[in-house]
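Trainee: For reference, the structure I am asking about is given below.
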Amino acid sequence: MSTLRILCYSLTVILFVLFIVGFVKDRRRFRNALLLLAFLLMLAISFYLMHIGTPMGNTILIWYALFTVCLVVIIPFLLILNGFLMIKREGLSVANLLSMAFGILIFAGEFYFVVSLDNADSILLGTAPVARFFFGYFVFYISLLFLAFMIYTWLILFMPKRRDYSYIIALGCGLLGGERVSKLLSGRLDKAIKIYKRCKTPAKIIVSGGQGPDEKISEAEAMKHYLVEQGIPEEDILLEDKSVNTLENLRNSKALIESRGEHGPIAICTSNYHVLRALIYAAQNDLEADGVGAHTALYYWPSAMIREFAGLCKIFYMPVGFGYLISAVILAAILFHSNT
């Protein structure tokens, strides 16, 4: 068995163990999504090396090629189509163009990556278009990381949760006309109400959100009005109306809970695409809580997930960049080795 195979097999096992340990220890960490991606990549590479030079190896390559075609063609096409749908339903804006722009980037970058593999045997010798290869692989890597991010988000959403909480933190978002609860926000509040009614012990709902420059009242105040209209007793609603982002939402909500001198299970109620980032911020604030996701319209979900993904990549740019460099070098070495 070659040294390269031993190295790949060992890395696959190590990454799997690290992912399981990290998930069990604290499922709210973004590094778990990175470890999941690294494990899936190494598993695919190891599986191919295990059958290289055999009929099974050729079959594996065909399946990998089909998967690549899916990433290069089908997913970008769906993202671009979603971009047109977002513009039609939500209007023309930079945010609503995200899925279309991401789809175009994936198609262009991964096409470059696939083309660069024609000269894979000379990548390390410097005669291949190295910049094209590494740019193409960067887009391919980001595509896979985004896929791992989505899978991990779904995993978090479907994990078993408590049925009884002492506090339910409902995270705010923009208001309509500066004072009315939007459909997205009402979805979060309806989910909070559902949890509240399910609790066996008395629970408090913390509505969290400050007042933006274009808003007549704070998001928390608008959320409180909505809850009261839905039959929630006013004394069971606590206002946190100073925060301007999710990190402050959770920091201030934690301070509010601690100021009451009470403890108990906590649920963070937000849109389903936002749960993972909310839990990551909760971990940064040493706030133990479950994340509960409210339904989001299917057409809105891709753009929202892209924004969440971009936000997390910005925060964790160092591990994301390190993972890219390491995996790119390993892939280049494998391609060179398999063609010599």
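As shown in the structure tokens, the chain order sets the letters A, B, ...; within each chain, residues go from 1, and ligands are also counted from 1 in the order they appear.
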Quick one: residues within 12 Å of Ile6 in chain A, only C-alpha atoms counted, chain neighbours fewer than 4 positions away excluded, as a list in words?
Mentor: Met1, Ser2, Ser10, Leu11, Thr12, Val13, Met42, Ile45, Ser46, Leu49 and Met50 of chain A
Trainee: May I have the selected residues written with N, CA and C atoms, as an mmCIF file, in the first residue's frame?
Mentor:
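File written: part11.cif
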```cif
data_model
loop_
_atom_site.group_PDB
_atom_site.id
_atom_site.type_symbol
_atom_site.label_atom_id
_atom_site.label_comp_id
_atom_site.auth_asym_id
_atom_site.auth_seq_id
_atom_site.Cartn_x
_atom_site.Cartn_y
_atom_site.Cartn_z
ATOM 1 N N MET A 1 0.849 -1.193 0.000
ATOM 2 C CA MET A 1 0.000 0.000 0.000
ATOM 3 C C MET A 1 0.886 1.246 0.000
ATOM 4 N N SER A 2 0.600 2.191 -0.908
ATOM 5 C CA SER A 2 1.443 3.371 -1.032
ATOM 6 C C SER A 2 1.285 4.295 0.168
ATOM 7 N N SER A 10 -5.848 7.384 6.718
ATOM 8 C CA SER A 10 -5.665 7.849 8.106
ATOM 9 C C SER A 10 -6.379 9.176 8.326
ATOM 10 N N LEU A 11 -6.235 10.093 7.370
ATOM 11 C CA LEU A 11 -6.905 11.386 7.494
ATOM 12 C C LEU A 11 -8.416 11.227 7.520
ATOM 13 N N THR A 12 -8.937 10.298 6.733
ATOM 14 C CA THR A 12 -10.390 10.067 6.695
ATOM 15 C C THR A 12 -10.896 9.637 8.061
ATOM 16 N N VAL A 13 -10.204 8.693 8.676
ATOM 17 C CA VAL A 13 -10.609 8.200 10.005
ATOM 18 C C VAL A 13 -10.480 9.306 11.048
ATOM 19 N N MET A 42 -12.359 13.651 1.966
ATOM 20 C CA MET A 42 -11.356 12.605 2.127
ATOM 21 C C MET A 42 -11.957 11.218 1.947
ATOM 22 N N ILE A 45 -12.119 10.710 -1.779
ATOM 23 C CA ILE A 45 -10.775 10.473 -2.314
ATOM 24 C C ILE A 45 -10.278 9.082 -1.938
ATOM 25 N N SER A 46 -10.466 8.693 -0.681
ATOM 26 C CA SER A 46 -10.012 7.383 -0.205
ATOM 27 C C SER A 46 -10.745 6.253 -0.917
ATOM 28 N N LEU A 49 -9.156 5.900 -4.297
ATOM 29 C CA LEU A 49 -7.819 5.302 -4.221
ATOM 30 C C LEU A 49 -7.889 3.813 -3.909
ATOM 31 N N MET A 50 -8.927 3.419 -3.189
ATOM 32 C CA MET A 50 -9.091 2.018 -2.821
ATOM 33 C C MET A 50 -9.346 1.145 -4.053
#
```
Trainee: Determine, counting only C-alpha atoms, which protein, DNA and RNA residues have an atom within 12 Å of an atom of Glu229 in chain A; residues of the same chain fewer than 6 positions away are not included. Present the result as an MDAnalysis selection string.
Mentor: chainID A and resid 181 186 189:190 193 222:223
Trainee: Enumerate, as an NGL selection string, the complete set of residues in range 90-320 of chain A that a backbone-based DSSP assignment places in alpha helix (DSSP H).
Mentor: :A and (90 or 98-116 or 130-157 or 183-198 or 219-229 or 246-259 or 275-284 or 301-315 or 317-320)
Trainee: Go through range 25-44 of chain A and flag each residue having an atom no more than 7 Å from range 142-150 of chain A; for those, report the closest pair of atoms plus their distance in Å to one decimal, using only C-alpha atoms, ordered by chain and rising number, as JSON lines.
Mentor:
```
{"residue": "A:Ala33", "atom": "CA", "partner": "A:Phe149", "partner_atom": "CA", "distance": 5.7}
{"residue": "A:Leu36", "atom": "CA", "partner": "A:Ala148", "partner_atom": "CA", "distance": 6.6}
{"residue": "A:Leu37", "atom": "CA", "partner": "A:Ala148", "partner_atom": "CA", "distance": 5.5}
```
Trainee: Any chance you can output those residues with C-alpha atoms as a compact mmCIF listing (two decimals), in the first residue's frame?
Mentor:
```
# COMPACT_ATOMS: atom_id res chain seq x y z
CA ALA A 33 -19.49 21.86 9.32
CA LEU A 36 -17.94 17.34 7.95
CA LEU A 37 -16.85 18.75 4.60
```
Trainee: What does the distance between CA of Gly103 in chain A and CA of Cys313 in chain A come to in Å, to one decimal place?
Mentor: 17.6 Å
Trainee: Give me the residues within 10 Å of Arg180 in chain A as a compact mmCIF listing (two decimals) with N, CA and C atoms, in the first residue's frame, counting only C-alpha atoms and dropping any in the same chain fewer than 3 places off.
Mentor:
```txt
# COMPACT_ATOMS: atom_id res chain seq x y z
N GLY A 174 -36.63 42.88 10.27
CA GLY A 174 -37.21 44.15 9.84
C GLY A 174 -38.73 44.22 9.94
N LEU A 175 -39.24 45.45 10.14
CA LEU A 175 -40.68 45.69 10.23
C LEU A 175 -41.21 46.27 8.92
N LEU A 176 -42.47 46.04 8.66
CA LEU A 176 -43.13 46.61 7.48
C LEU A 176 -43.65 48.00 7.84
N GLY A 177 -43.34 48.98 7.02
CA GLY A 177 -43.80 50.33 7.29
C GLY A 177 -43.25 50.90 8.58
N LYS A 183 -44.13 39.11 7.40
CA LYS A 183 -44.50 37.70 7.32
C LYS A 183 -43.39 36.82 7.88
N LEU A 185 -41.20 37.64 10.19
CA LEU A 185 -41.18 37.81 11.64
C LEU A 185 -42.38 37.15 12.29
N SER A 186 -43.53 37.22 11.66
CA SER A 186 -44.72 36.57 12.24
C SER A 186 -44.53 35.06 12.28
N GLU A 215 -37.44 52.83 11.37
CA GLU A 215 -38.55 52.21 12.08
C GLU A 215 -39.14 53.17 13.10
N LYS A 216 -40.47 53.18 13.22
CA LYS A 216 -41.18 54.08 14.12
C LYS A 216 -41.15 53.57 15.56
N ILE A 217 -41.12 52.25 15.72
CA ILE A 217 -41.03 51.65 17.05
C ILE A 217 -39.98 50.54 16.98
N GLU A 219 -38.44 46.77 17.13
CA GLU A 219 -38.94 45.47 16.70
C GLU A 219 -39.56 44.73 17.87
N GLU A 221 -41.11 45.97 20.45
CA GLU A 221 -42.43 46.52 20.74
C GLU A 221 -43.47 45.99 19.76
N ALA A 222 -43.12 45.96 18.49
CA ALA A 222 -44.04 45.43 17.47
C ALA A 222 -44.32 43.95 17.71
N MET A 223 -43.29 43.22 18.10
CA MET A 223 -43.44 41.79 18.37
C MET A 223 -44.35 41.57 19.59
N HIS A 225 -46.79 43.56 20.60
CA HIS A 225 -48.16 43.83 20.17
C HIS A 225 -48.75 42.62 19.45
N TYR A 226 -47.97 42.01 18.60
CA TYR A 226 -48.43 40.83 17.85
C TYR A 226 -48.76 39.69 18.80
```
Trainee: Taking into account only C-alpha atoms, which residue in the set A:Val17, A:Leu7, A:Leu312, A:Leu276 is nearest to Phe158 in chain A?
Mentor: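 The answer is A:Leu276, which sits nearest to Phe158 in chain A.
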Trainee: Pull the closest atom pair for each residue of range 170-209 of chain A that gets at most 6 Å from range 287-298 of chain A, along with the distance in Å to one decimal, counting only C-alpha atoms, ordering rows by chain and then ascending residue number, as a tab-separated table.
Mentor:
```
residue	atom	partner	partner_atom	distance
A:Gly187	CA	A:Ala294	CA	5.9
A:Arg188	CA	A:Ala294	CA	5.3
A:Lys191	CA	A:Ala294	CA	5.8
```
Trainee: Any idea what the distance is between CA of Gln284 in chain A and CA of Ala255 in chain A?
Mentor: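 Separation between CA of Gln284 in chain A and CA of Ala255 in chain A: 13.9 Å.
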Trainee: Skip Gly311 in chain A itself and residues of its chain fewer than 5 positions away, then list as a ChimeraX atom specification all residues within 9 Å of it, counting only C-alpha atoms.
Mentor: /A:277,306,316
Trainee: Please report, as a ChimeraX atom specification, each residue of range 149-222 of chain A to which DSSP assigns strand (DSSP E) when run on this structure's backbone.
Mentor: /A:167-171,175-176,180-181,204-208
Trainee: Looking at only C-alpha atoms, which of A:Ile268, A:Val329, A:Ala101, A:Leu15 is the one that sits closest to Thr246 in chain A?
Mentor: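 Smallest distance to Thr246 in chain A is found for A:Ile268.
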Trainee: Could you tell me how far CA of Ala333 in chain A lies from CA of Phe133 in chain A, in Å and to one decimal?
Mentor: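 Going from CA of Ala333 in chain A over to CA of Phe133 in chain A, I get 12.8 Å.
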Trainee: Using only C-alpha atoms, which residues sit within 10 Å of Lys200 in chain A once same-chain residues fewer than 3 positions away are excluded, as a tab-separated table (two decimals) with N, CA and C atoms, in the first residue's frame?
Mentor:
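The result, stored in part-v2.tsv:
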```tsv
chain	number	residue	atom	x	y	z
A	163	ARG	N	-39.26	19.72	25.26
A	163	ARG	CA	-40.65	20.13	25.08
A	163	ARG	C	-41.06	21.14	26.14
A	164	ASP	N	-40.13	21.49	27.02
A	164	ASP	CA	-40.46	22.40	28.12
A	164	ASP	C	-39.31	23.39	28.31
A	165	TYR	N	-39.63	24.69	28.27
A	165	TYR	CA	-38.62	25.73	28.42
A	165	TYR	C	-39.08	26.78	29.42
A	166	SER	N	-38.10	27.42	30.05
A	166	SER	CA	-38.40	28.53	30.94
A	166	SER	C	-38.42	29.86	30.19
A	196	TYR	N	-44.46	28.06	23.44
A	196	TYR	CA	-45.00	28.58	24.70
A	196	TYR	C	-46.20	27.76	25.17
A	197	LYS	N	-47.10	27.48	24.26
A	197	LYS	CA	-48.31	26.72	24.63
A	197	LYS	C	-48.01	25.27	24.94
A	203	ALA	N	-43.68	29.81	31.13
A	203	ALA	CA	-42.53	30.28	30.35
A	203	ALA	C	-42.68	31.75	30.02
```
